[in-house]
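Single-structure report; data block below.
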Amino acid sequence: MTTRQAEHVEAAEHTAAGEVEPGQSWVEGFSRVAPPLTERTAPFWTSGADGVLRIAHCRDCGRYLHPPRPVCPACRGRDVGFDPVSGRGTVWSWTLNRYQWVPSMPPPYLVADVELVEQPGLRLLTNVVDCPPERIHVGLPVRVCFSQAGDAYIPLFRPASPASELRGAGDARE
């Protein structure tokens with residue numbers, strides 16, 4: 001284990017010990033660069049202000065669309081709006097980033113492709129927080145939380161189980 005990994009594990013253990021309340025929907029100390037807000041994407045990026053994740057949704061056929069687009073690729077419908085989703089999902093794939101690409105995001109940190117429960121294939125590329133790297137695995141149940149960046153609320157995910165249970169779980173890495 002490298003020094004950086006040990007520091008990350010130590011930080012995760014402090015979180016697991018109760019410094020972050022389970023169910024808290026805001027992430028302190030995790031900083032992201034604010035994305036550009038356009039007419040098409042602003043409803044997605046600003047929806048987390050109330051702690052609710054909203055995804056573009058075709059009102060003609062019911063398909064969720066991410067990233068947001070003005071025309072549904074399934075039915076070519078143009079009645080697309082943003083609707084609330086549960087914020088629950090599973091880790092579809094993941095990696096541990098060890099390089100500092102952005103000054104505000106020191107490594108290591110977890111990057112994951114999270115599939116939302118609302119629809120097969122509805123995935124968000126995001127970060128997983130409050131999870132020791134040795135405990136993340138494909139299929140891990142997660143729930144949304146948000147980190148504010150300017151006027152945007154970045155959807156992040158944390159394990160759906162309390163951190164104390166996660167620490168005691170067997171290693172299920174695939």
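Simple scheme: letters A, B, ... for chains in structure tokens order, numbers from 1 for residues in each chain, numbers from 1 for ligands in the order shown.
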
(message) Need the shell around range 53-64 of chain A: protein/DNA/RNA residues with any atom at most 7 Å away, counting only C-alpha atoms. Skip same-chain ones fewer than 4 positions apart. Format as a list in words?
(response) Phe44, Ser47, Gly48, Pro68, Cys72, Cys75, Gly77, Asp79, Val80, Gly81, Phe82, Asp83, Pro84, Val85 and Gly87 of chain A

(message) For range 158-160 of chain A, find every residue with an atom within 6 Å (counting only C-alpha atoms), except residues of its own chain fewer than 3 positions away, and show them as an MDAnalysis selection string.
(response) chainID A and resid 128:130 141:143

(message) Taking the DSSP secondary structure from the backbone, can you list the residues of range 34-113 of chain A that are helix (DSSP H, G or I), as a list in words?
(response) Ala42, Pro43, Phe44, Trp45, Thr46, Ser47, Gly48, Ala49 and Asp50 of chain A

(request) Give me, please, the distance in Å between CA of Pro120 in chain A and CA of Arg40 in chain A, quoted to one decimal. (result)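 Computed distance, CA of Pro120 in chain A to CA of Arg40 in chain A, equals 23.1 Å.
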
(request) For each of A:Pro43, A:Gly139, A:Leu124, A:Pro70, take the minimum atom-to-atom distance to Trp92 in chain A, counting only C-alpha atoms, then give the residue where this is smallest. (result)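 Using only C-alpha atoms, the shortest distance to Trp92 in chain A belongs to A:Gly139.
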
(request) Give me the residues within 12 Å of Phe157 in chain A as a PyMOL selection string, counting only C-alpha atoms and dropping any in the same chain fewer than 6 places off. (result) chain A and resi 23-27+30+53+87-91+110-116+124-131+136+140-147

(request) Run DSSP on the backbone of this structure and report the residues of range 48-125 of chain A it assigns to strand (DSSP E or B), as a ChimeraX atom specification. (result) /A:54-58,64-65,80-84,88-97,109-116,123-125

Take the residues from that selection and put them in a file with C-alpha atoms, as a PDB file, in the first residue's frame.
ATOM      1  CA  ARG A  54     -33.253  15.033 -12.102  1.00  0.00           C
ATOM      2  CA  ILE A  55     -32.571  13.373 -15.447  1.00  0.00           C
ATOM      3  CA  ALA A  56     -33.791  14.310 -18.935  1.00  0.00           C
ATOM      4  CA  HIS A  57     -36.892  12.245 -19.672  1.00  0.00           C
ATOM      5  CA  CYS A  58     -38.787  11.731 -22.929  1.00  0.00           C
ATOM      6  CA  TYR A  64     -34.532   8.630 -19.637  1.00  0.00           C
ATOM      7  CA  LEU A  65     -31.803  10.389 -21.610  1.00  0.00           C
ATOM      8  CA  VAL A  80     -38.152  16.168 -23.289  1.00  0.00           C
ATOM      9  CA  GLY A  81     -38.103  17.527 -19.733  1.00  0.00           C
ATOM     10  CA  PHE A  82     -36.249  16.889 -16.489  1.00  0.00           C
ATOM     11  CA  ASP A  83     -37.885  14.605 -13.943  1.00  0.00           C
ATOM     12  CA  PRO A  84     -36.813  13.432 -10.468  1.00  0.00           C
ATOM     13  CA  ARG A  88     -30.188   4.984  -6.270  1.00  0.00           C
ATOM     14  CA  GLY A  89     -27.903   2.927  -8.457  1.00  0.00           C
ATOM     15  CA  THR A  90     -25.085   0.418  -8.643  1.00  0.00           C
ATOM     16  CA  VAL A  91     -21.434   0.735  -9.591  1.00  0.00           C
ATOM     17  CA  TRP A  92     -21.163  -0.541 -13.168  1.00  0.00           C
ATOM     18  CA  SER A  93     -17.393   0.031 -13.458  1.00  0.00           C
ATOM     19  CA  TRP A  94     -14.784   2.035 -11.578  1.00  0.00           C
ATOM     20  CA  THR A  95     -11.154   3.121 -11.332  1.00  0.00           C
ATOM     21  CA  LEU A  96      -8.963   4.663  -8.661  1.00  0.00           C
ATOM     22  CA  ASN A  97      -7.430   7.856 -10.048  1.00  0.00           C
ATOM     23  CA  TYR A 109     -10.150   9.469  -5.725  1.00  0.00           C
ATOM     24  CA  LEU A 110     -12.664   7.000  -7.100  1.00  0.00           C
ATOM     25  CA  VAL A 111     -14.218   7.507 -10.533  1.00  0.00           C
ATOM     26  CA  ALA A 112     -17.202   5.303 -11.334  1.00  0.00           C
ATOM     27  CA  ASP A 113     -19.795   4.647 -13.971  1.00  0.00           C
ATOM     28  CA  VAL A 114     -23.005   4.330 -11.934  1.00  0.00           C
ATOM     29  CA  GLU A 115     -26.111   2.739 -13.438  1.00  0.00           C
ATOM     30  CA  LEU A 116     -29.328   4.214 -12.052  1.00  0.00           C
ATOM     31  CA  ARG A 123     -25.434   5.629 -16.389  1.00  0.00           C
ATOM     32  CA  LEU A 124     -23.571   8.625 -14.964  1.00  0.00           C
ATOM     33  CA  LEU A 125     -19.793   9.016 -14.936  1.00  0.00           C
TER      34      LEU A 125
END
